[in-house]
$ cat input28.cif   # mmCIF, C-alpha atoms
data_data
loop_
_atom_site.label_atom_id
_atom_site.label_comp_id
_atom_site.auth_asym_id
_atom_site.auth_seq_id
_atom_site.Cartn_x
_atom_site.Cartn_y
_atom_site.Cartn_z
CA ILE A 1 12.49 21.20 4.39
CA ASN A 2 11.93 23.75 1.61
CA CYS A 3 9.03 23.74 -0.84
CA MET A 4 11.07 22.48 -3.81
CA LEU A 5 12.49 19.57 -1.84
CA LYS A 6 9.04 18.69 -0.52
CA LYS A 7 7.64 18.76 -4.07
CA ASN A 8 10.35 16.41 -5.28
CA PHE A 9 9.74 14.07 -2.35
CA LEU A 10 6.02 13.92 -3.03
CA LYS A 11 6.53 13.35 -6.74
CA LYS A 12 8.95 10.52 -6.20
CA TYR A 13 7.79 8.84 -3.02
CA THR A 14 4.00 8.98 -2.68
CA SER A 15 3.72 5.30 -3.51
CA SER A 16 3.15 2.24 -1.39
CA ASN A 17 6.16 -0.04 -1.61
CA GLN A 18 8.27 1.80 -4.18
CA ASP A 19 8.21 -1.60 -5.85
CA LYS A 20 11.48 -3.04 -7.03
CA PRO A 21 12.02 -5.82 -9.56
CA ASN A 22 12.67 -8.34 -6.79
CA VAL A 23 9.24 -7.81 -5.20
CA ASN A 24 7.80 -11.17 -6.20
CA GLU A 25 4.32 -12.61 -6.31
CA ALA A 26 4.92 -14.78 -3.25
CA ASP A 27 5.63 -11.66 -1.16
CA GLN A 28 2.42 -10.03 -2.38
CA LEU A 29 0.41 -13.20 -1.71
CA ASN A 30 1.78 -13.25 1.86
CA LEU A 31 0.68 -9.61 2.21
CA PHE A 32 -2.77 -10.39 0.82
CA ASN A 33 -3.27 -13.41 3.09
CA SER A 34 -2.00 -11.55 6.17
CA ILE A 35 -4.46 -8.70 5.56
CA ASN A 36 -7.32 -11.17 5.17
CA LYS A 37 -6.31 -12.97 8.35
CA LEU A 38 -6.49 -9.70 10.30
CA LEU A 39 -9.78 -8.70 8.65
CA LYS A 40 -11.28 -12.00 9.77
CA PHE A 41 -9.75 -11.67 13.24
CA THR A 42 -11.30 -8.23 13.70
CA GLY A 43 -14.73 -9.41 12.52
CA ASN A 44 -14.66 -7.69 9.13
CA LYS A 45 -15.32 -9.09 5.68
CA GLU A 46 -12.31 -10.43 3.83
CA ILE A 47 -11.05 -9.35 0.40
CA GLU A 48 -12.51 -11.78 -2.11
CA SER A 49 -12.92 -12.13 -5.86
CA ASN A 50 -15.33 -9.59 -7.36
CA ASN A 51 -14.69 -7.13 -4.53
CA LYS A 52 -13.59 -3.70 -5.72
CA LEU A 53 -10.22 -2.57 -4.28
CA LEU A 54 -8.16 0.57 -4.76
CA ASP A 55 -4.41 0.57 -4.07
CA ILE A 56 -3.38 4.16 -3.27
CA GLY A 57 0.36 4.57 -3.73
CA SER A 58 0.66 1.47 -5.86
CA GLY A 59 4.24 1.90 -7.02
CA LEU A 60 4.83 -0.43 -9.98
CA GLY A 61 1.64 -2.30 -9.15
CA SER A 62 2.81 -5.60 -7.64
CA PHE A 63 -0.03 -5.83 -5.12
CA TYR A 64 -2.54 -4.60 -7.70
CA ASN A 65 -1.41 -7.27 -10.15
CA LEU A 66 -1.74 -10.00 -7.52
CA CYS A 67 -5.26 -8.83 -6.67
CA LYS A 68 -6.25 -8.87 -10.34
CA LYS A 69 -4.90 -12.40 -10.67
CA LEU A 70 -7.05 -13.48 -7.70
CA GLY A 71 -10.18 -12.08 -9.32
CA VAL A 72 -10.42 -8.87 -7.30
CA GLU A 73 -11.65 -5.89 -9.31
CA ALA A 74 -8.57 -3.82 -8.47
CA GLU A 75 -7.62 -0.29 -9.49
CA LYS A 76 -4.48 1.66 -8.61
CA THR A 77 -3.14 5.17 -8.37
CA ASP A 78 0.36 6.43 -7.66
CA GLY A 79 1.50 9.98 -7.05
CA SER A 80 4.54 9.93 -9.30
CA ILE A 81 3.02 7.85 -12.10
CA ASP A 82 -0.33 9.69 -12.21
CA ASN A 83 1.20 13.10 -11.38
CA ILE A 84 -1.09 13.51 -8.38
CA ASP A 85 -0.19 15.30 -5.17
CA PHE A 86 -1.93 13.26 -2.49
CA GLU A 87 -1.83 16.25 -0.13
CA LYS A 88 -4.09 18.43 -2.27
CA ASP A 89 -5.43 16.70 -5.41
CA ALA A 90 -8.52 14.58 -5.94
CA ILE A 91 -8.05 11.02 -7.15
CA LEU A 92 -9.86 10.14 -10.35
CA PHE A 93 -12.43 7.63 -9.12
CA ASN A 94 -16.17 7.85 -8.51
CA ASP A 95 -17.82 8.28 -5.12
CA ASP A 96 -18.98 5.18 -3.22
CA TYR A 97 -17.30 2.72 -5.58
CA PHE A 98 -14.77 0.57 -3.70
CA ASP A 99 -15.20 -2.11 -1.05
CA PHE A 100 -11.58 -1.73 0.10
CA VAL A 101 -8.91 0.97 -0.11
CA ILE A 102 -5.34 0.10 0.88
CA MET A 103 -2.48 2.53 1.62
CA ASN A 104 0.75 0.63 2.18
CA SER A 105 3.73 2.79 3.25
CA VAL A 106 2.15 6.03 2.07
CA ILE A 107 0.91 8.10 4.99
CA GLU A 108 4.35 8.58 6.57
CA HIS A 109 5.49 10.37 3.39
CA LEU A 110 2.80 13.08 3.71
CA ILE A 111 3.00 16.15 5.92
CA ASN A 112 -0.76 16.61 5.65
CA PRO A 113 -2.56 13.28 5.09
CA GLN A 114 -6.10 14.55 5.57
CA ASN A 115 -6.77 15.20 1.88
CA ILE A 116 -6.00 11.64 0.79
CA LEU A 117 -7.83 10.18 3.79
CA TYR A 118 -10.95 12.14 2.87
CA GLU A 119 -10.49 11.05 -0.74
CA ALA A 120 -10.26 7.43 0.39
CA LYS A 121 -13.45 7.92 2.39
CA ARG A 122 -15.18 9.50 -0.60
CA VAL A 123 -14.50 6.60 -2.98
CA LEU A 124 -15.37 3.90 -0.44
CA LYS A 125 -18.84 2.42 -0.37
CA SER A 126 -20.91 2.66 2.79
CA LYS A 127 -19.27 0.29 5.31
CA GLY A 128 -16.23 0.09 3.03
CA ILE A 129 -12.88 -0.64 4.64
CA LEU A 130 -9.68 1.44 4.68
CA ILE A 131 -6.44 -0.46 5.37
CA ILE A 132 -3.25 1.45 6.26
CA ILE A 133 0.21 -0.03 6.82
CA THR A 134 2.90 2.25 8.21
CA PRO A 135 5.87 2.16 10.63
CA ASN A 136 5.06 2.45 14.33
CA PHE A 137 7.39 5.26 15.41
CA LYS A 138 7.41 4.06 19.00
CA TYR A 139 9.36 1.00 17.87
CA ALA A 140 10.81 2.14 14.50
CA TYR A 141 12.32 5.45 15.66
CA LYS A 142 15.93 4.28 15.36
CA ASN A 143 15.77 4.00 11.57
CA PHE A 144 12.57 5.86 10.65
CA TYR A 145 14.44 8.88 9.34
CA ASP A 146 17.01 6.80 7.48
CA ASP A 147 14.55 7.28 4.66
CA PRO A 148 14.70 11.06 4.11
CA THR A 149 11.23 11.03 2.54
CA HIS A 150 9.67 9.99 5.84
CA VAL A 151 8.19 13.27 7.07
CA GLN A 152 5.36 12.31 9.44
CA PRO A 153 5.78 9.59 12.09
CA TYR A 154 2.84 7.82 13.71
CA THR A 155 2.26 5.68 16.76
CA HIS A 156 -0.74 3.40 17.06
CA ILE A 157 -2.42 6.16 19.10
CA SER A 158 -1.79 9.01 16.65
CA LEU A 159 -2.77 6.89 13.66
CA LYS A 160 -6.09 6.06 15.26
CA THR A 161 -6.55 9.73 16.16
CA ILE A 162 -6.06 11.02 12.61
CA LEU A 163 -8.47 8.40 11.28
CA ASN A 164 -11.06 9.44 13.87
CA ILE A 165 -10.59 13.09 12.87
CA CYS A 166 -11.37 12.08 9.28
CA ASP A 167 -14.59 10.41 10.46
CA PHE A 168 -13.61 6.78 10.00
CA LYS A 169 -15.31 4.42 12.42
CA ASN A 170 -14.34 1.36 14.46
CA THR A 171 -10.63 1.80 13.80
CA LYS A 172 -8.49 -1.05 15.06
CA VAL A 173 -4.68 -0.84 14.99
CA ASN A 174 -2.53 -3.95 15.35
CA PRO A 175 1.08 -4.95 14.75
CA PHE A 176 1.64 -5.78 11.10
CA LEU A 177 2.69 -9.41 11.06
CA VAL A 178 3.11 -11.65 8.02
CA ASN A 179 2.07 -15.28 8.40
CA LYS A 180 1.96 -15.23 12.19
CA PRO A 181 -0.63 -16.92 14.44
CA ASN A 182 -3.60 -14.94 15.70
CA PHE A 183 -2.41 -15.09 19.31
CA TYR A 184 0.10 -12.32 18.51
CA TRP A 185 -2.88 -9.94 18.31
CA LYS A 186 -4.45 -11.17 21.54
CA ILE A 187 -1.60 -10.87 24.01
CA PRO A 188 -1.02 -7.85 26.31
CA PHE A 189 1.61 -5.36 25.09
CA LYS A 190 1.23 -6.79 21.59
CA PHE A 191 3.15 -3.97 19.87
CA LEU A 192 6.11 -4.38 22.18
CA PHE A 193 6.03 -8.15 21.82
CA ALA A 194 5.87 -7.95 18.02
CA SER A 195 8.87 -5.63 17.95
CA LYS A 196 10.90 -7.90 20.25
CA ILE A 197 10.25 -11.36 18.82
CA PRO A 198 13.49 -13.02 19.87
CA PHE A 199 14.49 -14.72 16.65
CA LYS A 200 15.35 -13.14 13.33
CA ASN A 201 14.85 -14.58 9.85
CA HIS A 202 17.50 -17.26 10.00
CA THR A 203 17.80 -20.89 10.92
CA CYS A 204 20.26 -22.83 13.04
CA LYS A 205 21.02 -26.48 12.22
CA SER A 206 21.43 -27.42 15.88
CA PHE A 207 18.35 -25.45 16.96
CA PRO A 208 15.67 -25.18 14.26
CA ILE A 209 13.48 -22.13 14.72
CA PRO A 210 9.75 -22.51 13.94
CA ASN A 211 8.53 -20.18 11.22
CA PHE A 212 6.01 -18.47 13.51
CA LEU A 213 8.85 -17.32 15.79
CA ARG A 214 10.97 -15.82 13.03
CA GLY A 215 11.16 -12.11 12.39
CA ASN A 216 10.04 -9.08 14.35
CA SER A 217 7.82 -6.20 13.25
CA THR A 218 7.99 -2.49 13.95
CA SER A 219 5.16 -1.70 11.52
CA MET A 220 1.44 -1.51 12.23
CA ILE A 221 -1.75 -2.00 10.27
CA SER A 222 -5.05 -0.21 10.81
CA ILE A 223 -8.50 -1.26 9.68
CA SER A 224 -11.22 1.40 9.61
CA ILE A 225 -14.82 1.52 8.41
CA LYS A 226 -16.38 4.34 6.42
#
$ encode --input "input28.cif" --output "structure tokens"
Amino acid sequence: INCMLKKNFLKKYTSSNQDKPNVNEADQLNLFNSINKLLKFTGNKEIESNNKLLDIGSGLGSFYNLCKKLGVEAEKTDGSIDNIDFEKDAILFNDDYFDFVIMNSVIEHLINPQNILYEAKRVLKSKGILIIITPNFKYAYKNFYDDPTHVQPYTHISLKTILNICDFKNTKVNPFLVNKPNFYWKIPFKFLFASKIPFKNHTCKSFPIPNFLRGNSTSMISISIK
């Protein structure tokens, strides 16, 4: 990949969901509730009203808007909108300010993620929480590079390693599951199981499928402490 192409990729794609008009509030509420469920499961504080949260790679701001509606003191930054290169630039927020930083579908678009990880660490308060959602290459390899802006794949091991290198503590990586029971995070081989859930997002009149068995996941979510 040449430098000009890389520059164009970073300008256009360093954002979380690359939000589209059909990303609705219900989807963002499911995301919010699923994150809080995992935070509680891992013994961390949940995102609540009056917490300060930064959405790095916010796209058009759907998740940010939902957080604001719920009373969270949310801020956002996006590479293309704010003309920031997450691989080398500082983000324009004060040190030790946020309780939570979220990066949803960002890190896989960066060849060198250490700058933005250190920036996330800088703006987090002591004991603040970094949340990262990204594909798990071990289970998403078949279509990972269908998006030509995906430049850096991660497994749950390599994601934890890069976070440890950047001095985050107590990192826990789990399958990213929306509205699923907690037992999905307790079972052996949980990443494999999450990727192979036998039923897709459809129903059958003769054999109704419970909601908790619908849909698989090849993404993962990490929770780390400053």
$ closest_residue --input "input28.cif" --among "A:Leu163, A:Ile35, A:Ile107, A:Met220" --to "A:Asn136" --atoms "all atoms listed in the file"
A:Met220
$ resolve_selection --input "input28.cif" --expression "the PyMOL selection byres ((chain A and resi 38) around 12)" --output "ChimeraX atom specification"
/A:31-37,39-47,131,172-186,220-223
$ closest_residue --input "input28.cif" --among "A:Leu92, A:Leu110, A:Leu192, A:Leu70" --to "A:Tyr139" --atoms "only C-alpha atoms"
A:Leu192
$ closest_residue --input "input28.cif" --among "A:Ser49, A:Ile132, A:Phe86, A:Asn112" --to "A:Gln152" --atoms "only C-alpha atoms"
A:Asn112
$ residues_around --input "input28.cif" --residues "A:Ile129" --least-positions-apart "3" --cutoff "8 Å" --atoms "all atoms listed in the file" --output "PyMOL selection string"
chain A and resi 99-101+124+223-226
$ atom_distance --input "input28.cif" --atom1 "atom CA of A:Ser158" --atom2 "atom CA of A:Ser58"
23.9 Å
$ atom_distance --input "input28.cif" --atom1 "atom CA of A:Pro135" --atom2 "atom CA of A:Thr161"
15.6 Å
$ atom_distance --input "input28.cif" --atom1 "atom CA of A:Gly79" --atom2 "atom CA of A:Ile91"
9.6 Å
$ resolve_selection --input "input28.cif" --expression "the PyMOL selection byres ((chain A and resi 78) around 8)" --output "MDAnalysis selection string"
chainID A and resid 14:15 56:59 76:77 79:84
$ closest_residue --input "input28.cif" --among "A:Tyr154, A:Pro148, A:Ala74, A:Asp167" --to "A:Gln114" --atoms "all atoms listed in the file"
A:Asp167
$ closest_residue --input "input28.cif" --among "A:Ser105, A:Asn170, A:Asn164, A:Ser219" --to "A:Tyr141" --atoms "all atoms listed in the file"
A:Ser219
$ resolve_selection --input "input28.cif" --expression "the PyMOL selection byres ((chain A and resi 97) around 7)" --output "compact mmCIF listing (two decimals) with C-alpha atoms, in the coordinates of the input"
# COMPACT_ATOMS: atom_id res chain seq x y z
CA ASN A 94 -16.17 7.85 -8.51
CA ASP A 95 -17.82 8.28 -5.12
CA ASP A 96 -18.98 5.18 -3.22
CA PHE A 98 -14.77 0.57 -3.70
CA ASP A 99 -15.20 -2.11 -1.05
CA VAL A 123 -14.50 6.60 -2.98
CA LEU A 124 -15.37 3.90 -0.44
CA LYS A 125 -18.84 2.42 -0.37
$ axis_aligned_box --input "input28.cif" --around "stretch 112-119 of chain A" --padding-each-side "3 Å" --output "lines of an AutoDock Vina configuration file"
center_x = -5.9
center_y = 13.4
center_z = 2.5
size_x = 16.2
size_y = 12.4
size_z = 12.4
$ residues_around --input "input28.cif" --residues "A:Glu75" --least-positions-apart "5" --cutoff "8 Å" --atoms "only C-alpha atoms" --output "PyMOL selection string"
chain A and resi 52-55+64
$ closest_residue --input "input28.cif" --among "A:Phe144, A:Glu48, A:Leu159, A:Asn115" --to "A:Glu73" --atoms "only C-alpha atoms"
A:Glu48
$ build_atoms --input "input28.cif" --residues "stretch 163-197 of chain A" --atoms "N, CA and C atoms" --output "mmCIF file, in the coordinates of the input"
data_model
loop_
_atom_site.group_PDB
_atom_site.id
_atom_site.type_symbol
_atom_site.label_atom_id
_atom_site.label_comp_id
_atom_site.auth_asym_id
_atom_site.auth_seq_id
_atom_site.Cartn_x
_atom_site.Cartn_y
_atom_site.Cartn_z
ATOM 1 N N LEU A 163 -7.365 9.073 11.965
ATOM 2 C CA LEU A 163 -8.470 8.400 11.280
ATOM 3 C C LEU A 163 -9.810 8.793 11.900
ATOM 4 N N ASN A 164 -9.840 8.964 13.212
ATOM 5 C CA ASN A 164 -11.060 9.440 13.870
ATOM 6 C C ASN A 164 -11.391 10.864 13.447
ATOM 7 N N ILE A 165 -10.378 11.713 13.323
ATOM 8 C CA ILE A 165 -10.590 13.090 12.870
ATOM 9 C C ILE A 165 -11.231 13.116 11.490
ATOM 10 N N CYS A 166 -10.835 12.161 10.642
ATOM 11 C CA CYS A 166 -11.370 12.080 9.280
ATOM 12 C C CYS A 166 -12.648 11.255 9.203
ATOM 13 N N ASP A 167 -13.258 11.005 10.355
ATOM 14 C CA ASP A 167 -14.590 10.410 10.460
ATOM 15 C C ASP A 167 -14.658 8.941 10.075
ATOM 16 N N PHE A 168 -13.548 8.231 10.153
ATOM 17 C CA PHE A 168 -13.610 6.780 10.000
ATOM 18 C C PHE A 168 -14.055 6.177 11.336
ATOM 19 N N LYS A 169 -14.711 5.033 11.239
ATOM 20 C CA LYS A 169 -15.310 4.420 12.420
ATOM 21 C C LYS A 169 -14.623 3.091 12.745
ATOM 22 N N ASN A 170 -14.766 2.698 14.011
ATOM 23 C CA ASN A 170 -14.340 1.360 14.460
ATOM 24 C C ASN A 170 -12.893 1.038 14.068
ATOM 25 N N THR A 171 -12.023 2.023 14.169
ATOM 26 C CA THR A 171 -10.630 1.800 13.800
ATOM 27 C C THR A 171 -9.944 0.872 14.795
ATOM 28 N N LYS A 172 -9.287 -0.118 14.253
ATOM 29 C CA LYS A 172 -8.490 -1.050 15.060
ATOM 30 C C LYS A 172 -7.073 -1.037 14.507
ATOM 31 N N VAL A 173 -6.089 -0.867 15.391
ATOM 32 C CA VAL A 173 -4.680 -0.840 14.990
ATOM 33 C C VAL A 173 -3.970 -2.000 15.653
ATOM 34 N N ASN A 174 -3.241 -2.772 14.864
ATOM 35 C CA ASN A 174 -2.530 -3.950 15.350
ATOM 36 C C ASN A 174 -1.122 -3.974 14.777
ATOM 37 N N PRO A 175 -0.221 -4.738 15.386
ATOM 38 C CA PRO A 175 1.080 -4.950 14.750
ATOM 39 C C PRO A 175 0.890 -5.580 13.377
ATOM 40 N N PHE A 176 1.705 -5.167 12.430
ATOM 41 C CA PHE A 176 1.640 -5.780 11.100
ATOM 42 C C PHE A 176 2.566 -6.993 11.087
ATOM 43 N N LEU A 177 1.959 -8.155 11.008
ATOM 44 C CA LEU A 177 2.690 -9.410 11.060
ATOM 45 C C LEU A 177 2.325 -10.265 9.857
ATOM 46 N N VAL A 178 3.329 -10.820 9.203
ATOM 47 C CA VAL A 178 3.110 -11.650 8.020
ATOM 48 C C VAL A 178 3.189 -13.114 8.426
ATOM 49 N N ASN A 179 2.111 -13.838 8.148
ATOM 50 C CA ASN A 179 2.070 -15.280 8.400
ATOM 51 C C ASN A 179 2.391 -15.648 9.851
ATOM 52 N N LYS A 180 1.808 -14.922 10.770
ATOM 53 C CA LYS A 180 1.960 -15.230 12.190
ATOM 54 C C LYS A 180 0.614 -15.685 12.759
ATOM 55 N N PRO A 181 0.625 -16.473 13.831
ATOM 56 C CA PRO A 181 -0.630 -16.920 14.440
ATOM 57 C C PRO A 181 -1.425 -15.755 15.031
ATOM 58 N N ASN A 182 -2.725 -15.982 15.177
ATOM 59 C CA ASN A 182 -3.600 -14.940 15.700
ATOM 60 C C ASN A 182 -3.275 -14.539 17.130
ATOM 61 N N PHE A 183 -2.635 -15.416 17.903
ATOM 62 C CA PHE A 183 -2.410 -15.090 19.310
ATOM 63 C C PHE A 183 -1.507 -13.869 19.481
ATOM 64 N N TYR A 184 -0.729 -13.530 18.443
ATOM 65 C CA TYR A 184 0.100 -12.320 18.510
ATOM 66 C C TYR A 184 -0.767 -11.082 18.712
ATOM 67 N N TRP A 185 -1.997 -11.103 18.197
ATOM 68 C CA TRP A 185 -2.880 -9.940 18.310
ATOM 69 C C TRP A 185 -3.714 -9.971 19.578
ATOM 70 N N LYS A 186 -3.630 -11.030 20.337
ATOM 71 C CA LYS A 186 -4.450 -11.170 21.540
ATOM 72 C C LYS A 186 -3.688 -10.862 22.821
ATOM 73 N N ILE A 187 -2.375 -10.959 22.786
ATOM 74 C CA ILE A 187 -1.600 -10.870 24.010
ATOM 75 C C ILE A 187 -1.471 -9.417 24.494
ATOM 76 N N PRO A 188 -1.290 -9.199 25.796
ATOM 77 C CA PRO A 188 -1.020 -7.850 26.310
ATOM 78 C C PRO A 188 0.304 -7.315 25.727
ATOM 79 N N PHE A 189 0.398 -6.012 25.600
ATOM 80 C CA PHE A 189 1.610 -5.360 25.090
ATOM 81 C C PHE A 189 1.998 -5.934 23.724
ATOM 82 N N LYS A 190 1.004 -6.107 22.853
ATOM 83 C CA LYS A 190 1.230 -6.790 21.590
ATOM 84 C C LYS A 190 2.212 -6.039 20.685
ATOM 85 N N PHE A 191 2.212 -4.709 20.723
ATOM 86 C CA PHE A 191 3.150 -3.970 19.870
ATOM 87 C C PHE A 191 4.579 -4.175 20.333
ATOM 88 N N LEU A 192 4.775 -4.139 21.639
ATOM 89 C CA LEU A 192 6.110 -4.380 22.180
ATOM 90 C C LEU A 192 6.566 -5.802 21.869
ATOM 91 N N PHE A 193 5.688 -6.764 22.077
ATOM 92 C CA PHE A 193 6.030 -8.150 21.820
ATOM 93 C C PHE A 193 6.403 -8.363 20.361
ATOM 94 N N ALA A 194 5.606 -7.784 19.454
ATOM 95 C CA ALA A 194 5.870 -7.950 18.020
ATOM 96 C C ALA A 194 7.215 -7.367 17.633
ATOM 97 N N SER A 195 7.597 -6.278 18.287
ATOM 98 C CA SER A 195 8.870 -5.630 17.950
ATOM 99 C C SER A 195 10.069 -6.346 18.548
ATOM 100 N N LYS A 196 9.803 -7.247 19.534
ATOM 101 C CA LYS A 196 10.900 -7.900 20.250
ATOM 102 C C LYS A 196 10.912 -9.411 20.076
ATOM 103 N N ILE A 197 10.209 -9.917 19.059
ATOM 104 C CA ILE A 197 10.250 -11.360 18.820
ATOM 105 C C ILE A 197 11.709 -11.790 18.801
#
